Structures are given as C-alpha cells and as structure tokens.
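For reference, the structure is listed below as structure tokens.
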Amino acid sequence: MRRFCLVSGFLMLPWVAAAAPAQRVITLAPNLTELAFAAGLGDKLVGVSAYSDYPPQAAKIEQVANWQGINVERIVTLKPDLVLAWRGGNPQRPLEQLASLGINVVYLDPQNAAQIAQALEQLAPYSAEPATAQHAATDFRQQWQALKLKYHREKPVPAFIQFGTQPLFTASSATMQSEVLELCGAKNIFADSRVPWPQVSREQVLNRHPQVIVVAGGPSQKQVIEDYWRSLLSAQVITLDPDWFSRAGPRILLAAQQLCPRIAALPQR
C-alpha cells in the first residue's frame, strides 16, 4: 500500500525510493508543462493541458485537458507513466480514476518562489537527466536572491495589483504576485487581506494611496487602467507579461526582472 505525505503544499509520493525516469508524461496545467520542460522532461511529454504554449514546442503536443475537464479516456489511451496535476485547479474525481488504474499522479501546486524551486527538485528523479532539474532549481534560487539583494528598498513603494475593473480584484500577501512586488522593493497595499484574491472598491484603493499600479497585460490594458483612474489617482501604471506574472513556474523570474527596474526608477516619497 502506498503512503502519502503532504509537505509544503505538495503531495509527496515515495519517489526517493521508488521513482524511475518517466517515459511518457502528461501535464494538466500550463505552469506544470513549463516546469516539466525546465526539469528535462519536455521530450517525454505526450499530453498537456490547454494554453500550454511555452516553450513553443509545447503547443504542438496533444491537449488532453481544458477548463471543461480532463479527458480520462484519452489519457489512458496515451499510457502515461507520470501525470502531473494541479490540486488547486484540476477536478479531483478524474485524477482518482487515473490513480486507481495504476497511473502515477503527482501533485505540484507551488504557491511561492521557494516552492517553484522545490517542484523542480521533486521532478528530478523522474528525469533521465536529474541534474537538469537540480540545476534549474539552483539557478532559480540564485537569480531570485540576486534580485532581492539588488532591489531591496528601506522604504518600499506602495503598490496596487489590479485585476479587472468591474469587478475590481487584487491579490493579498498569500499570492506569488504579491511576493514579486515585495522582491522588487514595493509594498502590496492589500497584503493584509484575509483572502488571497479579494474584491475591493475604488474608495478602498484611494484610501491606501498607491504610488504604482501593477497589471498583467500590454499597452491596450495599460490604457484601460489609466482611463479607469483618470482624475482620481496619479499612480504610474506598470504592465507585465500576463503569462510571466500569472503562472507559477520558472518564468515568474522574468516578470520580476521586468518589474524591478521600473520600481527602482520611481522616486522615494
């Protein structure tokens, strides 16, 4: 009988003793696809979820899951020896079906930068070249620490993370997006929220006086946000690549590298 242990947000299988290099891998979230490639498992992928578009070759792999659910029948046909799942977003019942058929289901649900590195290390035993995963984890930690040292500010810049306009949502300190702001020398004005993704009002934002607004999107989205706050708030709007900023994978570093210099350029109040 298998024994399971929940550690730091991960469901840990007994891979230290039992894992072997995987030959046929399926990932059920875009960030898991990115993690698999970073860990040296890219050439073993036979199925991915919708929106798995990085690296570019991932877009050519058959999609077996989307927002409507998981295609259990197709996954079984593909005969994977490893399925990477996301406990926070994948429906549990089809994953239990796959496990009952003897398919090894490993859950990865990184909630912060430290857990991204841990996820890469967790994948190392399944890779034919485990050093690739270990190196990726080490490199991620080193780059994160370098940014932390370079962009630390004694007086962080008050910042608002904005998602949408009607309704208006933001992020608390329990999110990776807030962690990126902190890394770059900014302070999330809603870090103290009791829920990870709180809905807020314009008045609440105005009362906390952000100096900068951080959003995921391009120039058109920046214009939308500037128009939304026009004549009410004189905060600078900074846009970040949506995939970099939203996916819990190695490219969160790119979002930080995009944001940090722009925060550093802001004057101290």
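Residue numbering restarts at 1 for every chain of the structure tokens, chains are lettered A, B, ... in their displayed order, and ligands are numbered from 1 as they appear.
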
### Query
If you count only C-alpha atoms, which residues fall within 12 Å of Val215 of chain A, apart from same-chain ones fewer than 2 positions away, as a ChimeraX atom specification?
/A:159-165,168-171,177-178,181,212-213,217-226,236-246,255,259

### Query
Residues of segment 13-228 of chain A in strand (DSSP E) according to DSSP, as number ranges by chain?
A: 25-27, 45-49, 63-66, 69-70, 82-85, 105-107, 157-162, 186-188, 212-216

Write out the residues from the selection above, keeping N, CA, C and O atoms, as a short mmCIF file (atom, residue, chain, number, x, y, z; two decimals), in the first residue's frame.
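Result file part_13.cif:
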```
data_model
loop_
_atom_site.label_atom_id
_atom_site.label_comp_id
_atom_site.auth_asym_id
_atom_site.auth_seq_id
_atom_site.Cartn_x
_atom_site.Cartn_y
_atom_site.Cartn_z
N VAL A 25 4.85 11.29 -20.21
CA VAL A 25 4.41 12.25 -19.19
C VAL A 25 3.25 13.09 -19.72
O VAL A 25 3.24 13.48 -20.89
N ILE A 26 2.29 13.37 -18.83
CA ILE A 26 1.18 14.26 -19.15
C ILE A 26 1.12 15.35 -18.09
O ILE A 26 1.26 15.07 -16.89
N THR A 27 0.92 16.60 -18.52
CA THR A 27 0.80 17.72 -17.59
C THR A 27 -0.60 18.32 -17.73
O THR A 27 -1.11 18.46 -18.84
N LEU A 45 6.90 14.38 -22.96
CA LEU A 45 5.51 14.79 -22.86
C LEU A 45 4.70 14.23 -24.03
O LEU A 45 5.05 14.43 -25.19
N VAL A 46 3.59 13.57 -23.69
CA VAL A 46 2.69 13.03 -24.71
C VAL A 46 1.31 13.68 -24.64
O VAL A 46 0.46 13.46 -25.50
N GLY A 47 1.07 14.50 -23.61
CA GLY A 47 -0.20 15.18 -23.46
C GLY A 47 -0.04 16.36 -22.52
O GLY A 47 0.73 16.30 -21.56
N VAL A 48 -0.78 17.44 -22.82
CA VAL A 48 -0.71 18.65 -22.00
C VAL A 48 -2.11 19.23 -21.86
O VAL A 48 -3.06 18.78 -22.49
N SER A 49 -2.22 20.27 -21.05
CA SER A 49 -3.48 20.99 -20.92
C SER A 49 -3.57 22.10 -21.96
O SER A 49 -2.58 22.47 -22.58
N GLN A 63 -3.51 18.08 -26.63
CA GLN A 63 -4.16 18.60 -25.43
C GLN A 63 -5.19 17.60 -24.92
O GLN A 63 -6.05 17.15 -25.67
N VAL A 64 -5.09 17.28 -23.62
CA VAL A 64 -5.98 16.28 -23.03
C VAL A 64 -6.80 16.85 -21.87
O VAL A 64 -7.51 16.11 -21.19
N ALA A 65 -6.70 18.16 -21.65
CA ALA A 65 -7.45 18.79 -20.56
C ALA A 65 -7.66 20.26 -20.89
O ALA A 65 -6.82 20.88 -21.55
N ASN A 66 -8.79 20.80 -20.43
CA ASN A 66 -9.06 22.22 -20.56
C ASN A 66 -9.98 22.65 -19.42
O ASN A 66 -10.19 21.87 -18.47
N GLY A 69 -12.66 20.20 -18.30
CA GLY A 69 -12.35 18.96 -17.60
C GLY A 69 -11.16 18.22 -18.17
O GLY A 69 -10.41 18.75 -19.01
N ILE A 70 -11.00 17.00 -17.71
CA ILE A 70 -9.88 16.14 -18.09
C ILE A 70 -10.41 14.97 -18.91
O ILE A 70 -11.38 14.31 -18.52
N LEU A 82 3.51 8.89 -15.85
CA LEU A 82 3.53 10.00 -14.90
C LEU A 82 2.54 11.07 -15.36
O LEU A 82 2.58 11.50 -16.52
N VAL A 83 1.65 11.45 -14.47
CA VAL A 83 0.73 12.56 -14.72
C VAL A 83 0.99 13.63 -13.67
O VAL A 83 0.96 13.35 -12.47
N LEU A 84 1.27 14.85 -14.12
CA LEU A 84 1.49 15.97 -13.21
C LEU A 84 0.20 16.77 -13.11
O LEU A 84 -0.32 17.25 -14.13
N ALA A 85 -0.32 16.89 -11.89
CA ALA A 85 -1.62 17.51 -11.68
C ALA A 85 -1.52 18.70 -10.75
O ALA A 85 -0.56 18.83 -9.98
N VAL A 105 0.15 9.62 -10.31
CA VAL A 105 -0.28 11.02 -10.34
C VAL A 105 0.49 11.78 -9.26
O VAL A 105 0.40 11.44 -8.08
N VAL A 106 1.22 12.78 -9.68
CA VAL A 106 2.00 13.60 -8.75
C VAL A 106 1.43 15.02 -8.77
O VAL A 106 1.26 15.61 -9.84
N TYR A 107 1.14 15.54 -7.60
CA TYR A 107 0.57 16.88 -7.48
C TYR A 107 1.67 17.91 -7.23
O TYR A 107 2.48 17.75 -6.32
N VAL A 157 7.84 50.98 -2.06
CA VAL A 157 6.87 51.78 -2.80
C VAL A 157 5.48 51.17 -2.64
O VAL A 157 5.29 49.98 -2.90
N PRO A 158 4.47 51.93 -2.19
CA PRO A 158 3.12 51.39 -2.08
C PRO A 158 2.55 51.07 -3.46
O PRO A 158 2.54 51.93 -4.35
N ALA A 159 2.11 49.84 -3.65
CA ALA A 159 1.68 49.39 -4.97
C ALA A 159 0.35 48.65 -4.90
O ALA A 159 0.05 47.96 -3.91
N PHE A 160 -0.42 48.79 -5.95
CA PHE A 160 -1.72 48.12 -6.07
C PHE A 160 -1.66 47.15 -7.24
O PHE A 160 -1.35 47.54 -8.37
N ILE A 161 -1.93 45.87 -6.98
CA ILE A 161 -2.02 44.87 -8.04
C ILE A 161 -3.48 44.85 -8.50
O ILE A 161 -4.38 44.54 -7.72
N GLN A 162 -3.70 45.17 -9.77
CA GLN A 162 -5.08 45.28 -10.25
C GLN A 162 -5.41 44.19 -11.26
O GLN A 162 -4.70 43.98 -12.23
N ALA A 186 8.59 46.90 -3.59
CA ALA A 186 7.27 47.50 -3.47
C ALA A 186 6.51 46.85 -2.33
O ALA A 186 6.84 45.74 -1.89
N LYS A 187 5.48 47.54 -1.85
CA LYS A 187 4.64 47.02 -0.78
C LYS A 187 3.21 46.93 -1.28
O LYS A 187 2.60 47.93 -1.66
N ASN A 188 2.66 45.73 -1.28
CA ASN A 188 1.29 45.50 -1.71
C ASN A 188 0.33 46.16 -0.70
O ASN A 188 0.31 45.80 0.48
N VAL A 212 2.01 53.20 -7.43
CA VAL A 212 2.11 52.48 -8.69
C VAL A 212 1.00 51.43 -8.74
O VAL A 212 0.57 50.90 -7.70
N ILE A 213 0.52 51.16 -9.95
CA ILE A 213 -0.48 50.11 -10.18
C ILE A 213 0.15 49.08 -11.11
O ILE A 213 0.66 49.43 -12.18
N VAL A 214 0.14 47.82 -10.71
CA VAL A 214 0.74 46.75 -11.49
C VAL A 214 -0.37 45.89 -12.08
O VAL A 214 -1.25 45.41 -11.35
N VAL A 215 -0.34 45.72 -13.39
CA VAL A 215 -1.36 44.93 -14.06
C VAL A 215 -0.71 43.96 -15.05
O VAL A 215 0.41 44.19 -15.51
N ALA A 216 -1.43 42.89 -15.36
CA ALA A 216 -0.97 41.94 -16.37
C ALA A 216 -1.60 42.33 -17.70
O ALA A 216 -2.82 42.42 -17.81
#
```

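The space separating atom CA of Thr77 of chain A from atom CA of Gln97 of chain A comes to 13.7 Å.
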
### Task
Name the residues in contact with Pro55 of chain A at a cut-off of 9 Å, using only C-alpha atoms, excluding same-chain residues fewer than 3 positions from it; report them as a count of residues only.
6

### Query
Leaving out Ser173 of chain A and any residue of its chain fewer than 5 positions from it, which residues lie within 9 Å of it when counting only C-alpha atoms, given as a list of chain:residue names?
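Neighbouring residues, sequence-local ones excluded: A:Ser178, A:Glu179, A:Asn188, A:Phe190, A:Ala191, A:Asp192, A:Ser193, A:Pro196.
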
### Non-local contacts of segment 126-137 of chain A (6 Å; only C-alpha atoms; under 5 positions in same chain excluded) as a PyMOL selection string
chain A and resi 20-22+39-41+117+120-121

### Query
So which residues of segment 5-192 of chain A fall under alpha helix (DSSP H) by DSSP, listed as a PyMOL selection string?
chain A and resi 15-18+30-38+72-78+92-100+113-123+130-151+176-183

### Query
Glu154 of chain A: which residues within 12 Å, counting only C-alpha atoms, same-chain residues fewer than 3 positions away excluded, as a count of residues only?
11

### Query
What is the atom CA of Leu183 of chain A to atom CA of Lys150 of chain A distance in Å?
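Atom-to-atom, atom CA of Leu183 of chain A and atom CA of Lys150 of chain A are spaced 9.4 Å apart.
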
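Shell of Gly102 of chain A at 12 Å, with only C-alpha atoms counted and residues fewer than 3 places along the chain excluded, is Met1, Arg2, Val76, Lys79, Pro80, Asp81, Leu82, Val83, Leu95, Glu96, Gln97, Leu98, Ala99 and Val105 of chain A.
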
### Message
To one decimal place in Å, what is the distance between atom CA of Pro110 of chain A and atom CA of Gly42 of chain A?
### Response
19.2 Å
